[in-house]
$ cat final38.cif   # mmCIF, C-alpha atoms
data_work
loop_
_atom_site.label_atom_id
_atom_site.label_comp_id
_atom_site.auth_asym_id
_atom_site.auth_seq_id
_atom_site.Cartn_x
_atom_site.Cartn_y
_atom_site.Cartn_z
CA MET A 296 89.36 131.31 122.46
CA ASP A 297 87.66 132.51 119.27
CA ASP A 298 89.44 132.74 115.91
CA GLN A 299 89.93 136.52 115.86
CA GLU A 300 91.40 136.48 119.37
CA LEU A 301 93.69 133.60 118.34
CA VAL A 302 94.88 135.46 115.24
CA ALA A 303 95.55 138.58 117.32
CA LYS A 304 97.62 136.58 119.81
CA LEU A 305 99.54 134.90 116.97
CA LYS A 306 100.34 138.32 115.49
CA HIS A 307 101.78 139.37 118.83
CA GLY A 308 103.99 136.26 118.89
CA GLU A 309 102.27 134.50 121.77
CA ILE A 310 103.65 130.97 121.61
CA HIS A 311 100.83 129.47 123.70
CA ALA A 312 98.34 130.60 121.04
CA TYR A 313 100.42 128.87 118.36
CA GLU A 314 100.69 125.70 120.44
CA TYR A 315 96.93 125.77 120.98
CA LEU A 316 96.33 126.18 117.25
CA PHE A 317 98.80 123.42 116.40
CA ASN A 318 97.32 120.97 118.92
CA GLN A 319 93.74 121.74 117.83
CA HIS A 320 94.25 121.22 114.09
CA TYR A 321 97.40 119.17 113.41
CA ASP A 322 95.91 115.65 113.54
CA TRP A 323 92.81 116.64 111.58
CA LEU A 324 94.90 118.28 108.84
CA CYS A 325 97.29 115.30 108.66
CA ASN A 326 94.34 112.94 108.24
CA TYR A 327 92.86 115.11 105.51
CA ILE A 328 96.11 115.22 103.51
CA PHE A 329 96.64 111.49 104.12
CA GLN A 330 93.26 110.80 102.51
CA LEU A 331 94.43 112.69 99.43
CA SER A 332 97.97 111.34 99.24
CA GLY A 333 97.95 107.94 100.93
CA ASP A 334 101.36 108.85 102.36
CA ARG A 335 101.59 109.45 106.13
CA ASN A 336 105.05 111.06 106.00
CA LEU A 337 104.10 113.38 103.16
CA SER A 338 100.96 114.37 105.09
CA LYS A 339 102.96 115.26 108.17
CA ASP A 340 105.54 117.17 106.11
CA ILE A 341 102.88 119.24 104.36
CA VAL A 342 101.03 120.13 107.56
CA GLN A 343 104.26 120.96 109.38
CA ASP A 344 105.37 123.19 106.50
CA VAL A 345 102.06 125.05 106.59
CA MET A 346 102.22 125.46 110.36
CA VAL A 347 105.83 126.70 110.26
CA ARG A 348 105.00 129.15 107.49
CA LEU A 349 102.01 130.37 109.52
CA TRP A 350 104.32 131.12 112.46
CA GLU A 351 106.93 132.77 110.26
CA LYS A 352 104.34 135.05 108.63
CA ARG A 353 102.25 135.58 111.77
CA LYS A 354 102.72 139.35 111.79
CA LYS A 355 101.14 139.66 108.33
CA LEU A 356 98.18 137.32 108.96
CA ALA A 357 94.94 138.58 107.48
CA ILE A 358 92.48 135.80 108.27
CA LYS A 359 88.92 137.09 108.13
CA GLY A 360 87.01 133.80 108.35
CA ALA A 361 87.54 130.63 110.32
CA ILE A 362 91.15 129.73 110.99
CA LYS A 363 90.31 126.07 110.36
CA GLY A 364 89.25 126.97 106.81
CA TYR A 365 92.43 128.97 106.30
CA LEU A 366 94.60 126.03 107.46
CA PHE A 367 92.56 123.60 105.37
CA LYS A 368 93.00 125.69 102.23
CA SER A 369 96.72 126.24 102.92
CA CYS A 370 97.35 122.51 103.36
CA HIS A 371 95.28 121.68 100.29
CA ASN A 372 97.23 124.19 98.17
CA GLN A 373 100.54 122.85 99.51
CA PHE A 374 99.44 119.32 98.55
CA LEU A 375 98.57 120.51 95.02
CA GLN A 376 102.01 122.13 94.70
CA GLN A 377 103.57 118.82 95.72
CA LEU A 378 101.54 117.05 93.03
CA ARG A 379 102.70 119.54 90.39
CA LYS A 380 106.33 118.93 91.35
CA GLN A 381 105.81 115.18 91.03
CA LYS A 382 104.19 115.54 87.61
CA LYS A 383 107.22 117.42 86.27
CA GLN A 384 109.59 114.66 87.36
CA PRO A 385 108.21 111.92 85.06
CA ASP A 386 109.14 114.01 82.01
CA LEU A 387 112.80 113.99 83.06
CA LEU A 388 112.61 110.38 84.25
CA ASP A 389 110.93 109.40 81.01
CA LYS A 390 113.77 110.90 78.96
CA ILE A 391 116.40 109.20 81.12
CA ARG A 392 114.63 105.84 80.80
CA TRP A 393 114.37 106.14 77.01
CA ASP A 394 118.04 107.12 76.79
CA THR A 395 118.96 104.13 78.94
CA ILE A 396 116.83 101.80 76.83
CA TYR A 397 118.51 103.05 73.67
CA GLU A 398 122.00 102.68 75.11
CA SER A 399 121.46 99.21 76.56
CA TYR A 400 119.94 97.87 73.35
CA PHE A 401 122.56 99.42 71.12
CA GLU A 402 125.32 97.68 73.06
CA GLN A 403 123.61 94.29 72.76
CA THR A 404 122.46 94.18 69.14
CA GLU A 405 124.15 94.00 65.78
CA ASP A 406 121.34 95.67 63.94
CA GLU A 407 121.46 99.03 65.72
CA THR A 408 119.74 100.90 62.91
CA TYR A 409 116.72 98.58 62.98
CA LEU A 410 116.42 98.76 66.74
CA LYS A 411 116.87 102.53 66.87
CA SER A 412 114.22 102.95 64.19
CA THR A 413 111.80 100.63 66.02
CA LEU A 414 112.29 102.38 69.35
CA LEU A 415 111.81 105.80 67.76
CA LYS A 416 108.57 104.62 66.15
CA LEU A 417 107.37 103.21 69.47
CA GLU A 418 108.19 106.50 71.18
CA GLU A 419 106.25 108.36 68.45
CA LEU A 420 103.24 106.07 68.99
CA ILE A 421 103.33 106.75 72.73
CA ASP A 422 103.63 110.50 72.10
CA LYS A 423 100.51 110.38 69.90
CA LEU A 424 98.38 108.90 72.68
CA PRO A 425 95.83 111.27 74.22
CA PRO A 426 97.47 113.16 77.12
CA LYS A 427 95.71 111.36 80.00
CA CYS A 428 96.11 108.02 78.28
CA LYS A 429 99.83 108.67 77.69
CA GLU A 430 100.40 109.74 81.29
CA ILE A 431 98.74 106.58 82.65
CA PHE A 432 100.59 104.36 80.17
CA ILE A 433 103.97 105.85 81.15
CA MET A 434 103.19 105.55 84.86
CA ASN A 435 102.27 101.90 84.45
CA LYS A 436 104.76 100.64 81.88
CA LEU A 437 107.83 102.81 82.44
CA GLU A 438 107.46 103.67 86.13
CA ARG A 439 106.06 100.21 86.95
CA ARG A 440 103.26 101.65 89.07
CA LYS A 441 100.14 99.69 89.91
CA TYR A 442 96.71 100.80 88.75
CA ARG A 443 95.67 101.52 92.34
CA GLU A 444 98.64 103.87 92.87
CA ILE A 445 97.97 105.67 89.59
CA ALA A 446 94.29 106.09 90.48
CA GLN A 447 95.15 107.55 93.89
CA ASP A 448 97.78 109.94 92.50
CA MET A 449 95.54 111.21 89.74
CA GLY A 450 92.36 111.30 91.81
CA ILE A 451 90.49 108.96 89.46
CA SER A 452 88.97 105.51 89.79
CA ILE A 453 90.86 102.29 89.15
CA LYS A 454 88.28 101.54 86.43
CA THR A 455 89.29 104.75 84.63
CA VAL A 456 92.94 103.70 84.79
CA GLU A 457 92.01 100.26 83.38
CA ASN A 458 90.01 101.86 80.56
CA GLN A 459 92.84 104.29 79.68
CA MET A 460 95.40 101.45 79.67
CA SER A 461 93.15 99.35 77.43
CA LYS A 462 92.80 102.31 75.10
CA ALA A 463 96.58 102.90 75.01
CA LEU A 464 97.36 99.25 74.34
CA ARG A 465 94.68 99.05 71.64
CA ILE A 466 96.09 102.14 69.88
CA ILE A 467 99.64 100.79 70.05
CA ARG A 468 98.52 97.33 68.87
CA GLU A 469 96.56 98.82 65.94
CA ASN A 470 99.61 100.76 64.86
CA ALA A 471 102.15 98.02 65.63
CA SER A 472 102.59 97.32 61.94
CA VAL A 473 104.64 100.51 61.66
CA LEU A 474 107.02 99.02 64.24
CA MET A 475 107.75 96.11 61.88
CA PHE A 476 107.76 93.44 64.60
#

$ encode --input "final38.cif" --output "structure tokens"
Amino acid sequence: MDDQELVAKLKHGEIHAYEYLFNQHYDWLCNYIFQLSGDRNLSKDIVQDVMVRLWEKRKKLAIKGAIKGYLFKSCHNQFLQQLRKQKKQPDLLDKIRWDTIYESYFEQTEDETYLKSTLLKLEELIDKLPPKCKEIFIMNKLERRKYREIAQDMGISIKTVENQMSKALRIIRENASVLMF
């Protein structure tokens, strides 16, 4: 069955055409997304979401090229959306962690003013790091993620993560005098 015939049958709601499409492309798409994400469950979820959405919007399908390319692009875009959602979460998690750090230290120290001042200065130093450097530093130090995980999530090499961490630590060390340790 060629792609145009398959699309026509999908538009008419022929379930066997959908099953054929699903069986032909599901494993390949899951493997592709797994290579990007390293997460089998996420890969399956993304592909299933794309396939369900394809069925739900079958009547409006306007696929002119290869259906494999359409599915590939849909899954890739869905994966990128998932990444964007994950990148927004660290901002909220980062704030919660800093708030927790402040609260836990304030309860345990007599010199709250000194500690608060030091933590604020440290936060300012981290905020002044270059964006990529800051993101990697937060992922490693606050989220406790390994270099390998960070490299996979960001689509960069482990060596790049190591270099960015070295840069972040060097910048913080050079400016540590303002922390008054």

$ resolve_selection --input "final38.cif" --expression "the PyMOL selection byres ((chain A and resi 455-463) around 10)" --output "PyMOL selection string"
chain A and resi 420-421+423-425+427-433+435-436+441-446+449+451-454+464-469

$ closest_atom_pairs --input "final38.cif" --of "stretch 319-391 of chain A" --to "stretch 301-314 of chain A" --cutoff "7 Å" --atoms "all atoms listed in the file" --output "CSV"
residue,atom,partner,partner_atom,distance
A:Arg353,CA,A:Lys306,CA,5.0
A:Lys354,CA,A:Lys306,CA,4.5
A:Leu356,CA,A:Lys306,CA,7.0

$ resolve_selection --input "final38.cif" --expression "the PyMOL selection byres ((chain A and resi 342) around 8)" --output "list in words"
Tyr321, Leu324, Cys325, Ser338, Lys339, Asp340, Ile341, Gln343, Asp344, Val345, Met346 and Cys370 of chain A

$ axis_aligned_box --input "final38.cif" --around "stretch 355-358 of chain A" --padding-each-side "6 Å" --output "AutoDock Vina command-line options"
--center_x 96.8 --center_y 137.7 --center_z 108.2 --size_x 20.7 --size_y 15.9 --size_z 13.5

$ atom_distance --input "final38.cif" --atom1 "atom CA of A:Asp448" --atom2 "atom CA of A:Ser332"
6.9 Å

$ atom_distance --input "final38.cif" --atom1 "atom CA of A:Ile362" --atom2 "atom CA of A:Asp298"
6.0 Å

$ build_atoms --input "final38.cif" --residues "stretch 328-352 of chain A" --atoms "N, CA, C and O atoms" --output "PDB file, keeping the file's coordinate frame"
ATOM      1  N   ILE A 328      95.097 115.351 104.566  1.00  0.00           N
ATOM      2  CA  ILE A 328      96.110 115.220 103.510  1.00  0.00           C
ATOM      3  C   ILE A 328      96.430 113.748 103.258  1.00  0.00           C
ATOM      4  O   ILE A 328      96.660 113.345 102.114  1.00  0.00           O
ATOM      5  N   PHE A 329      96.401 112.932 104.295  1.00  0.00           N
ATOM      6  CA  PHE A 329      96.640 111.490 104.120  1.00  0.00           C
ATOM      7  C   PHE A 329      95.573 110.877 103.222  1.00  0.00           C
ATOM      8  O   PHE A 329      95.876 110.022 102.387  1.00  0.00           O
ATOM      9  N   GLN A 330      94.330 111.312 103.374  1.00  0.00           N
ATOM     10  CA  GLN A 330      93.260 110.800 102.510  1.00  0.00           C
ATOM     11  C   GLN A 330      93.519 111.150 101.051  1.00  0.00           C
ATOM     12  O   GLN A 330      93.174 110.388 100.157  1.00  0.00           O
ATOM     13  N   LEU A 331      94.121 112.291 100.809  1.00  0.00           N
ATOM     14  CA  LEU A 331      94.430 112.690  99.430  1.00  0.00           C
ATOM     15  C   LEU A 331      95.660 111.963  98.890  1.00  0.00           C
ATOM     16  O   LEU A 331      95.684 111.572  97.731  1.00  0.00           O
ATOM     17  N   SER A 332      96.675 111.825  99.729  1.00  0.00           N
ATOM     18  CA  SER A 332      97.970 111.340  99.240  1.00  0.00           C
ATOM     19  C   SER A 332      98.219 109.860  99.499  1.00  0.00           C
ATOM     20  O   SER A 332      98.964 109.229  98.753  1.00  0.00           O
ATOM     21  N   GLY A 333      97.664 109.316 100.569  1.00  0.00           N
ATOM     22  CA  GLY A 333      97.950 107.940 100.930  1.00  0.00           C
ATOM     23  C   GLY A 333      99.345 107.776 101.531  1.00  0.00           C
ATOM     24  O   GLY A 333      99.828 106.669 101.701  1.00  0.00           O
ATOM     25  N   ASP A 334      99.990 108.868 101.849  1.00  0.00           N
ATOM     26  CA  ASP A 334     101.360 108.850 102.360  1.00  0.00           C
ATOM     27  C   ASP A 334     101.410 109.602 103.689  1.00  0.00           C
ATOM     28  O   ASP A 334     101.276 110.823 103.720  1.00  0.00           O
ATOM     29  N   ARG A 335     101.587 108.860 104.778  1.00  0.00           N
ATOM     30  CA  ARG A 335     101.590 109.450 106.130  1.00  0.00           C
ATOM     31  C   ARG A 335     102.704 110.491 106.285  1.00  0.00           C
ATOM     32  O   ARG A 335     102.481 111.569 106.818  1.00  0.00           O
ATOM     33  N   ASN A 336     103.923 110.139 105.837  1.00  0.00           N
ATOM     34  CA  ASN A 336     105.050 111.060 106.000  1.00  0.00           C
ATOM     35  C   ASN A 336     104.857 112.342 105.201  1.00  0.00           C
ATOM     36  O   ASN A 336     105.152 113.431 105.689  1.00  0.00           O
ATOM     37  N   LEU A 337     104.373 112.204 103.978  1.00  0.00           N
ATOM     38  CA  LEU A 337     104.100 113.380 103.160  1.00  0.00           C
ATOM     39  C   LEU A 337     103.052 114.257 103.838  1.00  0.00           C
ATOM     40  O   LEU A 337     103.175 115.483 103.873  1.00  0.00           O
ATOM     41  N   SER A 338     102.027 113.625 104.406  1.00  0.00           N
ATOM     42  CA  SER A 338     100.960 114.370 105.090  1.00  0.00           C
ATOM     43  C   SER A 338     101.534 115.181 106.237  1.00  0.00           C
ATOM     44  O   SER A 338     101.230 116.376 106.378  1.00  0.00           O
ATOM     45  N   LYS A 339     102.364 114.554 107.038  1.00  0.00           N
ATOM     46  CA  LYS A 339     102.960 115.260 108.170  1.00  0.00           C
ATOM     47  C   LYS A 339     103.857 116.399 107.693  1.00  0.00           C
ATOM     48  O   LYS A 339     103.837 117.490 108.264  1.00  0.00           O
ATOM     49  N   ASP A 340     104.648 116.137 106.648  1.00  0.00           N
ATOM     50  CA  ASP A 340     105.540 117.170 106.110  1.00  0.00           C
ATOM     51  C   ASP A 340     104.758 118.396 105.628  1.00  0.00           C
ATOM     52  O   ASP A 340     105.138 119.534 105.902  1.00  0.00           O
ATOM     53  N   ILE A 341     103.682 118.140 104.899  1.00  0.00           N
ATOM     54  CA  ILE A 341     102.880 119.240 104.360  1.00  0.00           C
ATOM     55  C   ILE A 341     102.270 120.068 105.482  1.00  0.00           C
ATOM     56  O   ILE A 341     102.358 121.302 105.484  1.00  0.00           O
ATOM     57  N   VAL A 342     101.669 119.405 106.457  1.00  0.00           N
ATOM     58  CA  VAL A 342     101.030 120.130 107.560  1.00  0.00           C
ATOM     59  C   VAL A 342     102.073 120.897 108.367  1.00  0.00           C
ATOM     60  O   VAL A 342     101.868 122.057 108.722  1.00  0.00           O
ATOM     61  N   GLN A 343     103.199 120.270 108.623  1.00  0.00           N
ATOM     62  CA  GLN A 343     104.260 120.960 109.380  1.00  0.00           C
ATOM     63  C   GLN A 343     104.765 122.174 108.609  1.00  0.00           C
ATOM     64  O   GLN A 343     104.997 123.233 109.208  1.00  0.00           O
ATOM     65  N   ASP A 344     104.935 122.045 107.313  1.00  0.00           N
ATOM     66  CA  ASP A 344     105.370 123.190 106.500  1.00  0.00           C
ATOM     67  C   ASP A 344     104.377 124.339 106.598  1.00  0.00           C
ATOM     68  O   ASP A 344     104.764 125.502 106.736  1.00  0.00           O
ATOM     69  N   VAL A 345     103.096 124.020 106.505  1.00  0.00           N
ATOM     70  CA  VAL A 345     102.060 125.050 106.590  1.00  0.00           C
ATOM     71  C   VAL A 345     102.082 125.714 107.965  1.00  0.00           C
ATOM     72  O   VAL A 345     102.017 126.947 108.082  1.00  0.00           O
ATOM     73  N   MET A 346     102.220 124.912 109.007  1.00  0.00           N
ATOM     74  CA  MET A 346     102.220 125.460 110.360  1.00  0.00           C
ATOM     75  C   MET A 346     103.463 126.333 110.613  1.00  0.00           C
ATOM     76  O   MET A 346     103.359 127.385 111.237  1.00  0.00           O
ATOM     77  N   VAL A 347     104.611 125.900 110.098  1.00  0.00           N
ATOM     78  CA  VAL A 347     105.830 126.700 110.260  1.00  0.00           C
ATOM     79  C   VAL A 347     105.697 128.016 109.512  1.00  0.00           C
ATOM     80  O   VAL A 347     106.033 129.084 110.021  1.00  0.00           O
ATOM     81  N   ARG A 348     105.177 127.939 108.287  1.00  0.00           N
ATOM     82  CA  ARG A 348     105.000 129.150 107.490  1.00  0.00           C
ATOM     83  C   ARG A 348     104.011 130.116 108.165  1.00  0.00           C
ATOM     84  O   ARG A 348     104.195 131.323 108.148  1.00  0.00           O
ATOM     85  N   LEU A 349     102.978 129.551 108.792  1.00  0.00           N
ATOM     86  CA  LEU A 349     102.010 130.370 109.520  1.00  0.00           C
ATOM     87  C   LEU A 349     102.723 131.145 110.640  1.00  0.00           C
ATOM     88  O   LEU A 349     102.504 132.340 110.809  1.00  0.00           O
ATOM     89  N   TRP A 350     103.587 130.463 111.374  1.00  0.00           N
ATOM     90  CA  TRP A 350     104.320 131.120 112.460  1.00  0.00           C
ATOM     91  C   TRP A 350     105.274 132.171 111.913  1.00  0.00           C
ATOM     92  O   TRP A 350     105.379 133.263 112.454  1.00  0.00           O
ATOM     93  N   GLU A 351     105.969 131.829 110.839  1.00  0.00           N
ATOM     94  CA  GLU A 351     106.930 132.770 110.260  1.00  0.00           C
ATOM     95  C   GLU A 351     106.263 134.040 109.731  1.00  0.00           C
ATOM     96  O   GLU A 351     106.842 135.116 109.780  1.00  0.00           O
ATOM     97  N   LYS A 352     105.050 133.896 109.214  1.00  0.00           N
ATOM     98  CA  LYS A 352     104.340 135.050 108.630  1.00  0.00           C
ATOM     99  C   LYS A 352     103.224 135.558 109.538  1.00  0.00           C
ATOM    100  O   LYS A 352     102.316 136.242 109.078  1.00  0.00           O
TER     101      LYS A 352
END
